[in-house]
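model-v4.tsv, holding TSV, C-alpha atoms and all ligand atoms:
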```tsv
chain	number	residue	atom	x	y	z
A	167	MET	CA	-84.71	72.75	54.32
A	168	GLN	CA	-85.89	72.95	50.81
A	169	ILE	CA	-84.30	74.78	47.90
A	170	VAL	CA	-87.05	75.55	45.37
A	171	LYS	CA	-85.96	76.64	41.92
A	172	ILE	CA	-88.26	78.87	39.89
A	173	LYS	CA	-87.33	79.31	36.22
A	174	GLU	CA	-88.37	82.95	36.06
A	175	THR	CA	-90.06	85.40	38.43
A	176	PRO	CA	-90.19	89.18	38.86
A	177	SER	CA	-88.72	88.99	42.39
A	178	THR	CA	-87.95	86.06	44.69
A	179	ASN	CA	-88.87	88.22	47.70
A	180	ASN	CA	-92.33	88.84	46.21
A	181	TYR	CA	-92.70	85.18	45.24
A	182	LEU	CA	-91.93	84.07	48.78
A	183	ARG	CA	-94.30	86.62	50.31
A	184	GLU	CA	-97.14	85.32	48.11
A	185	LEU	CA	-96.26	81.71	48.95
A	186	LEU	CA	-96.48	82.48	52.68
A	187	LYS	CA	-100.17	83.26	52.27
A	188	THR	CA	-100.90	79.56	51.71
A	189	GLU	CA	-97.84	77.61	52.91
A	190	LYS	CA	-95.33	77.63	55.73
A	191	PRO	CA	-91.97	76.51	54.33
A	192	GLU	CA	-89.48	75.13	56.85
A	193	GLU	CA	-87.18	77.72	58.38
A	194	GLY	CA	-84.11	78.18	56.17
A	195	SER	CA	-85.89	77.18	52.96
A	196	ILE	CA	-84.89	79.05	49.82
A	197	ILE	CA	-86.63	80.26	46.68
A	198	ILE	CA	-84.15	80.84	43.87
A	199	THR	CA	-84.57	81.91	40.28
A	200	GLY	CA	-82.25	82.01	37.30
A	201	ILE	CA	-84.20	84.83	35.69
A	202	GLN	CA	-85.36	87.65	37.95
A	203	THR	CA	-87.11	90.22	35.80
A	204	ALA	CA	-87.88	92.94	38.36
A	205	GLY	CA	-85.36	92.36	41.14
A	206	ARG	CA	-85.75	94.91	43.88
A	207	GLY	CA	-82.81	96.59	45.56
A	208	GLN	CA	-82.47	99.04	48.44
A	209	ALA	CA	-84.18	102.42	48.09
A	210	GLY	CA	-86.45	101.21	45.28
A	211	ASN	CA	-83.55	100.51	42.91
A	212	PHE	CA	-83.57	97.73	40.32
A	213	TRP	CA	-81.23	94.81	41.05
A	214	GLU	CA	-79.38	93.88	37.87
A	215	SER	CA	-78.62	90.20	37.28
A	216	GLU	CA	-77.86	88.58	33.91
A	217	PRO	CA	-80.03	85.43	33.51
A	218	GLY	CA	-78.30	82.26	34.71
A	219	LYS	CA	-75.11	83.99	35.80
A	220	ASN	CA	-75.67	84.92	39.45
A	221	LEU	CA	-77.44	83.98	42.65
A	222	THR	CA	-80.75	85.76	43.19
A	223	PHE	CA	-82.68	84.13	46.01
A	224	SER	CA	-84.67	84.57	49.21
A	225	ILE	CA	-84.46	82.71	52.52
A	226	ILE	CA	-87.37	82.38	54.94
A	227	ILE	CA	-86.96	82.48	58.71
A	228	TYR	CA	-89.38	82.87	61.63
A	229	PRO	CA	-87.24	84.80	64.14
A	230	HIS	CA	-89.71	84.92	67.03
A	231	HIS	CA	-86.84	85.08	69.54
A	232	ILE	CA	-85.53	88.38	68.11
A	233	GLN	CA	-87.01	91.59	69.50
A	234	PRO	CA	-88.23	93.91	66.73
A	235	ASN	CA	-85.92	96.69	68.00
A	236	GLU	CA	-82.99	94.32	67.50
A	237	GLN	CA	-83.99	93.08	64.06
A	238	PHE	CA	-80.75	94.44	62.63
A	239	VAL	CA	-79.04	91.26	63.85
A	240	ILE	CA	-80.78	89.46	60.95
A	241	SER	CA	-78.96	91.75	58.50
A	242	GLN	CA	-75.72	91.18	60.37
A	243	THR	CA	-76.17	87.39	60.31
A	244	THR	CA	-76.86	87.40	56.58
A	245	ALA	CA	-73.97	89.70	55.74
A	246	LEU	CA	-71.55	87.59	57.80
A	247	ALA	CA	-72.70	84.36	56.15
A	248	ILE	CA	-72.07	85.77	52.67
A	249	LYS	CA	-68.77	87.28	53.70
A	250	ASN	CA	-67.55	84.03	55.28
A	251	VAL	CA	-68.36	81.99	52.17
A	252	LEU	CA	-66.77	84.54	49.81
A	253	ASN	CA	-63.69	84.64	52.03
A	254	THR	CA	-63.00	81.02	51.14
A	255	TYR	CA	-62.40	82.15	47.53
A	256	THR	CA	-60.81	85.58	47.91
A	257	ALA	CA	-59.41	88.04	50.43
A	258	GLY	CA	-60.64	91.64	50.50
A	259	ILE	CA	-64.31	91.03	51.37
A	260	SER	CA	-65.94	93.40	53.85
A	261	ILE	CA	-69.41	94.53	54.93
A	262	LYS	CA	-70.39	98.07	54.12
A	263	TRP	CA	-72.89	99.35	56.67
A	264	PRO	CA	-75.69	98.54	56.78
A	265	ASN	CA	-75.57	95.39	54.66
A	266	ASP	CA	-73.74	95.61	51.35
A	267	ILE	CA	-71.00	93.11	50.69
A	268	TYR	CA	-67.90	94.67	49.21
A	269	TYR	CA	-64.75	93.48	47.51
A	270	SER	CA	-62.24	96.30	47.90
A	271	ASP	CA	-64.31	99.38	46.87
A	272	LYS	CA	-66.84	97.47	44.76
A	273	LYS	CA	-70.17	95.87	45.58
A	274	ILE	CA	-70.43	92.11	45.05
A	275	ALA	CA	-73.71	91.46	46.88
A	276	GLY	CA	-76.79	93.24	48.18
A	277	ILE	CA	-79.35	92.22	50.78
A	278	LEU	CA	-83.01	93.21	50.98
A	279	ILE	CA	-84.74	92.04	54.15
A	280	GLU	CA	-88.48	92.36	54.57
A	281	ASN	CA	-89.86	91.63	58.03
A	282	SER	CA	-93.47	91.01	58.97
A	283	LEU	CA	-94.16	92.38	62.45
A	284	SER	CA	-97.22	91.59	64.50
A	285	GLU	CA	-97.61	92.94	68.03
A	286	ASN	CA	-94.12	92.64	69.47
A	287	ILE	CA	-92.98	89.70	67.36
A	288	ILE	CA	-91.21	89.30	64.06
A	289	GLU	CA	-93.55	86.78	62.46
A	290	TYR	CA	-91.33	86.10	59.51
A	291	SER	CA	-88.38	87.56	57.73
A	292	ILE	CA	-87.80	87.30	53.99
A	293	ILE	CA	-84.10	87.64	53.34
A	294	GLY	CA	-83.42	88.54	49.71
A	295	ILE	CA	-79.87	88.15	48.46
A	296	GLY	CA	-78.36	89.14	45.14
A	297	LEU	CA	-74.81	87.87	44.75
A	298	ASN	CA	-72.81	88.52	41.58
A	299	ILE	CA	-71.01	85.33	40.60
A	300	ASN	CA	-70.29	84.68	36.90
A	301	GLN	CA	-71.48	87.94	35.29
A	302	GLU	CA	-68.70	89.78	33.42
A	303	ILE	CA	-70.38	92.91	32.10
A	304	PHE	CA	-72.75	95.14	34.08
A	305	THR	CA	-74.93	97.55	32.15
A	306	GLY	CA	-77.29	98.95	34.82
A	307	ASN	CA	-77.07	102.07	36.97
A	308	ALA	CA	-75.28	100.48	39.93
A	309	PRO	CA	-72.14	102.58	40.43
A	310	ASN	CA	-69.56	99.92	41.28
A	311	PRO	CA	-70.62	96.29	40.73
A	312	VAL	CA	-68.19	93.38	40.70
A	313	SER	CA	-68.58	89.61	40.42
A	314	LEU	CA	-66.66	86.67	41.89
A	315	LYS	CA	-65.54	85.75	38.37
A	316	GLN	CA	-64.16	89.25	37.77
A	317	ILE	CA	-62.20	88.94	41.02
A	318	THR	CA	-60.86	85.40	40.61
A	319	GLY	CA	-60.87	84.89	36.82
A	320	ARG	CA	-62.84	81.65	37.02
A	321	GLU	CA	-66.41	80.32	36.75
A	322	PHE	CA	-68.33	79.06	39.77
A	323	ASP	CA	-71.00	76.41	40.26
A	324	LEU	CA	-74.09	78.30	41.45
A	325	ASP	CA	-75.75	75.33	43.20
A	326	GLU	CA	-72.64	74.59	45.23
A	327	LEU	CA	-72.29	78.20	46.36
A	328	LEU	CA	-75.97	78.41	47.26
A	329	GLU	CA	-75.75	75.35	49.50
A	330	LYS	CA	-72.68	76.77	51.24
A	331	ILE	CA	-74.46	80.05	51.93
A	332	GLN	CA	-77.58	78.30	53.23
A	333	PHE	CA	-75.44	76.16	55.55
A	334	GLU	CA	-73.36	79.09	56.79
A	335	PHE	CA	-76.39	81.29	57.32
A	336	LEU	CA	-78.20	78.65	59.38
A	337	SER	CA	-75.08	77.86	61.40
A	338	ILE	CA	-74.69	81.49	62.45
A	339	TYR	CA	-78.42	82.08	62.91
A	340	LYS	CA	-78.95	79.00	65.07
A	341	LYS	CA	-75.68	78.69	66.97
A	342	ILE	CA	-74.04	82.07	67.46
A	343	PRO	CA	-75.31	84.44	70.20
A	344	SER	CA	-76.36	87.91	69.04
A	345	GLU	CA	-73.53	89.57	70.99
A	346	LYS	CA	-70.94	87.57	69.10
A	347	ILE	CA	-72.65	88.20	65.76
A	348	ARG	CA	-72.51	91.95	66.45
A	349	LYS	CA	-68.84	91.72	67.37
A	350	ASN	CA	-67.95	89.72	64.23
A	351	TYR	CA	-69.95	92.15	62.10
A	352	LEU	CA	-68.07	95.14	63.57
A	353	GLU	CA	-64.76	93.47	62.86
A	354	SER	CA	-65.80	92.85	59.25
A	355	LEU	CA	-66.84	96.41	58.45
A	356	TYR	CA	-65.69	98.29	55.36
A	357	ARG	CA	-63.55	101.25	56.45
A	358	LYS	CA	-63.83	100.20	60.07
A	359	LYS	CA	-60.72	102.10	61.14
A	360	GLY	CA	-59.59	105.62	60.33
A	361	PHE	CA	-61.22	108.83	59.16
A	362	TYR	CA	-63.22	108.91	55.93
A	363	LEU	CA	-65.47	111.38	54.18
A	364	PHE	CA	-69.19	110.96	54.97
A	365	LYS	CA	-72.15	112.92	53.70
A	366	ASP	CA	-75.43	113.63	55.52
A	367	GLN	CA	-78.35	115.86	54.52
A	368	GLN	CA	-76.40	119.00	55.51
A	369	GLU	CA	-72.76	118.52	54.65
A	370	GLU	CA	-69.73	116.41	53.92
A	371	PHE	CA	-67.54	115.70	56.93
A	372	GLN	CA	-64.63	113.55	58.05
A	373	ALA	CA	-65.41	110.93	60.68
A	374	GLU	CA	-64.52	107.48	61.88
A	375	ILE	CA	-66.84	104.60	62.77
A	376	VAL	CA	-67.21	104.15	66.54
A	377	THR	CA	-69.76	101.34	66.61
A	378	ILE	CA	-73.06	100.06	65.27
A	379	GLU	CA	-75.83	99.96	67.88
A	380	PRO	CA	-78.00	96.80	68.20
A	381	SER	CA	-80.79	98.78	66.48
A	382	GLY	CA	-78.49	99.24	63.47
A	383	LEU	CA	-77.70	102.91	64.08
A	384	LEU	CA	-74.26	103.97	62.88
A	385	VAL	CA	-72.26	105.93	65.46
A	386	LEU	CA	-69.56	108.22	64.05
A	387	LYS	CA	-66.96	110.43	65.71
A	388	THR	CA	-65.95	113.54	63.81
A	389	LYS	CA	-62.45	115.04	63.73
A	390	ASN	CA	-63.39	117.58	66.42
A	391	GLY	CA	-64.44	114.77	68.75
A	392	SER	CA	-68.23	115.06	68.51
A	393	TYR	CA	-70.44	112.01	68.11
A	394	ARG	CA	-73.17	111.62	65.48
A	395	LYS	CA	-75.74	108.84	65.10
A	396	TYR	CA	-77.42	107.89	61.84
A	397	SER	CA	-80.03	105.45	60.64
A	398	PHE	CA	-80.03	103.97	57.11
A	399	LYS	CA	-80.26	106.53	54.32
A	400	GLU	CA	-79.44	109.48	56.59
A	401	VAL	CA	-75.75	109.23	55.79
A	402	SER	CA	-73.50	107.77	53.10
A	403	PHE	CA	-69.84	107.30	52.44
A	404	SER	CA	-68.85	110.22	50.25
A	501	LIG	C1	-79.45	96.10	47.37
A	501	LIG	O1	-79.91	97.00	46.68
A	501	LIG	O2	-78.30	96.16	47.81
A	501	LIG	C2	-80.28	94.87	47.69
A	501	LIG	C3	-80.40	93.95	46.53
A	501	LIG	C4	-81.21	92.71	46.83
A	501	LIG	C5	-81.48	91.90	45.59
A	501	LIG	C6	-82.10	90.56	45.91
A	501	LIG	S1	-82.08	89.47	44.53
A	501	LIG	C7	-83.16	88.36	45.34
A	501	LIG	C8	-84.14	89.19	46.13
A	501	LIG	N1	-85.32	89.49	45.34
A	501	LIG	C9	-85.42	90.81	45.08
A	501	LIG	O3	-86.32	91.33	44.40
A	501	LIG	N2	-84.40	91.46	45.64
A	501	LIG	C10	-83.53	90.57	46.40
```

Go ahead and express the file in the form of structure tokens.
Ligand code: BTN
Amino acid sequence: MQIVKIKETPSTNNYLRELLKTEKPEEGSIIITGIQTAGRGQAGNFWESEPGKNLTFSIIIYPHHIQPNEQFVISQTTALAIKNVLNTYTAGISIKWPNDIYYSDKKIAGILIENSLSENIIEYSIIGIGLNINQEIFTGNAPNPVSLKQITGREFDLDELLEKIQFEFLSIYKKIPSEKIRKNYLESLYRKKGFYLFKDQQEEFQAEIVTIEPSGLLVLKTKNGSYRKYSFKEVSFS
């Protein structure tokens, strides 16, 4: 698998999508840039990354074996790969549903996956990852960013980390059955046990996480014992 370095681009996800119009990079290939000028985050947010300090990259896969209604396993695979690599440097890493990577109560990485569906097949999946590594000051609107350097007090080699993530991602993607990926993801969840405050469109309420369905739906149980199911953006941790 190739790792292609682009000096500067608005967004590695966009770059890869354009590239796919004329080329078919090998599964697991990566486009990475040191300077991402219009990095896209979830919900149309801007992804802040100081030039040369962090990992901002996109991986290409062709997951024809994954049913579109189970595409959430791609998010779970990606989140687990990042978590596993970060765990070799620090404790306290978890996955905040659906796919933010957290250190304690702060966000160290975000994932933006863009799937191309045709008929009942996922033709390709562009997996965009922003991982804060050596940045020390964050100036954007993100509420709670943190970097690996802020956690550990030392600098990291970006190329080395990238190769580890590529390797870990492909190992999980190619070798681990979906059932096991879902189980490992559940075990890695942020606030996986106990009651916490959540907020939906109507109200704030106390609930605990019961499970995540293969579709990605979050199942909560409230204090009075009733169950509630949510898709992305319908609910947040309060
Ligand atoms: C989030 O908001 O949590 C997702 C952030 C994803 C950012 C990455 S950086 C590389 C790739 N290219 C983009 O434009 N976005 C993703």

Once 8 Å is added on each side, what centre and edge lengths in Å to one decimal does the axis-aligned box around all listed atoms of ligand LIG 501 (chain A) have, as JSON?
```
{"center_x": -82.3, "center_y": 92.7, "center_z": 46.1, "size_x": 24.0, "size_y": 24.6, "size_z": 19.4}
```

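Of the residues under consideration (A:Leu324, A:Leu336, A:Asn300, A:Trp213), A:Leu336 shows the shortest atom-to-atom contact distance to Met167 of chain A when counting only C-alpha atoms.
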
- Which residue gives the smallest distance to Phe335 of chain A among A:Gln301, A:Ser241, A:Thr254, A:Asn310, with all atoms listed in the file counted?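 Smallest separation from Phe335 of chain A among the options: A:Ser241.
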
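Separating atom CA of Leu327 of chain A from atom CA of Ile232 of chain A is a distance of 27.4 Å.
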
- Go through the chains and note each residue within 10 Å of ligand LIG 501 (chain A), using all atoms listed in the file, then give the set as JSON, numbers by chain. {"A": [175, 176, 177, 178, 179, 180, 181, 182, 197, 198, 199, 202, 203, 204, 205, 206, 207, 208, 209, 210, 211, 212, 213, 214, 215, 220, 221, 222, 223, 224, 225, 264, 265, 266, 267, 273, 274, 275, 276, 277, 278, 279, 280, 292, 293, 294, 295, 296, 297, 298, 308]}

- Counting only C-alpha atoms, closest pick from A:Tyr255, A:Gly194, A:Ser402, A:Ile288 relative to Phe322 of chain A is A:Tyr255

- Query: Which residue gives the smallest distance to Phe238 of chain A among A:Lys219, A:Arg183, A:Lys365, A:Arg348, with only C-alpha atoms counted?
  - Reply: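 Going through A:Lys219, A:Arg183, A:Lys365, A:Arg348 one by one, the smallest distance to Phe238 of chain A is for A:Arg348.
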
Please provide as a PDB file with C-alpha atoms, keeping the file's coordinate frame all residues within 10 Å of Asn235 of chain A, with the sequence filter that same-chain residues fewer than 4 positions apart are discarded (counting all atoms listed in the file).
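The new file selection-v5.pdb reads:
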```
ATOM      1  CA  VAL A 239     -79.040  91.260  63.850  1.00  0.00           C
ATOM      2  CA  ASN A 286     -94.120  92.640  69.470  1.00  0.00           C
ATOM      3  CA  ILE A 287     -92.980  89.700  67.360  1.00  0.00           C
ATOM      4  CA  ILE A 288     -91.210  89.300  64.060  1.00  0.00           C
ATOM      5  CA  PRO A 380     -78.000  96.800  68.200  1.00  0.00           C
ATOM      6  CA  SER A 381     -80.790  98.780  66.480  1.00  0.00           C
ATOM      7  CA  GLY A 382     -78.490  99.240  63.470  1.00  0.00           C
TER       8      GLY A 382
END
```

- Message: For Pro229 of chain A, find every residue with an atom within 10 Å (counting only C-alpha atoms), except residues of its own chain fewer than 2 positions away, and show them as JSON, numbers by chain.
- Response: {"A": [193, 226, 227, 231, 232, 233, 234, 237, 240, 281, 287, 288, 289, 290, 291, 339]}

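Atom CA of Gly360 of chain A sits 20.6 Å away from atom CA of Glu400 of chain A.
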
- Task: Please provide as a list in words all residues within 6 Å of segment 369-374 of chain A, with the sequence filter that same-chain residues fewer than 2 positions apart are discarded (counting all atoms listed in the file).
- Result: Gly360, Phe361, Tyr362, Leu363, Phe364, Lys365, Asp366, Leu386, Lys387, Thr388 and Lys389 of chain A

- Item | Protein and nucleic acid residues near (-61.4, 83.5, 42.5) (cut-off 10 Å, only C-alpha atoms) as number ranges by chain | A: 252-257, 299, 313-322

- Item | Counting all atoms listed in the file, the option among A:Leu246, A:Val251, A:Ile261, A:Leu352 closest to Glu379 of chain A |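 Closest residue, counting all atoms listed in the file: A:Leu352.
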
List as an mmCIF file with C-alpha atoms, in the coordinates of the input the protein and nucleic acid residues near Trp263 of chain A, meaning an atom at most 10 Å away when all atoms listed in the file are counted, but skip any in the same chain fewer than 5 places from it.
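The result, written out as part.cif:
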```cif
data_model
loop_
_atom_site.group_PDB
_atom_site.id
_atom_site.type_symbol
_atom_site.label_atom_id
_atom_site.label_comp_id
_atom_site.auth_asym_id
_atom_site.auth_seq_id
_atom_site.Cartn_x
_atom_site.Cartn_y
_atom_site.Cartn_z
ATOM 1 C CA SER A 241 -78.960 91.750 58.500
ATOM 2 C CA GLN A 242 -75.720 91.180 60.370
ATOM 3 C CA ALA A 245 -73.970 89.700 55.740
ATOM 4 C CA TYR A 351 -69.950 92.150 62.100
ATOM 5 C CA LEU A 352 -68.070 95.140 63.570
ATOM 6 C CA SER A 354 -65.800 92.850 59.250
ATOM 7 C CA LEU A 355 -66.840 96.410 58.450
ATOM 8 C CA TYR A 356 -65.690 98.290 55.360
ATOM 9 C CA ARG A 357 -63.550 101.250 56.450
ATOM 10 C CA LYS A 358 -63.830 100.200 60.070
ATOM 11 C CA ILE A 378 -73.060 100.060 65.270
ATOM 12 C CA GLY A 382 -78.490 99.240 63.470
ATOM 13 C CA LEU A 383 -77.700 102.910 64.080
ATOM 14 C CA LEU A 384 -74.260 103.970 62.880
ATOM 15 C CA PHE A 398 -80.030 103.970 57.110
ATOM 16 C CA SER A 402 -73.500 107.770 53.100
ATOM 17 C CA PHE A 403 -69.840 107.300 52.440
#
```

- Message: What does the structure give for the distance between atom CA of Lys171 of chain A and atom CA of Ile196 of chain A, in Å to one decimal?
- Response: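 Pair atom CA of Lys171 of chain A / atom CA of Ile196 of chain A returns 8.3 Å.
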
- Message: Restricting the calculation to only C-alpha atoms: of A:Thr243, A:Gln368, A:Thr305, A:Asn250, which residue gets closest to Lys346 of chain A?
- Response: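 Once distances to Lys346 of chain A are computed over only C-alpha atoms, the minimum belongs to A:Thr243.
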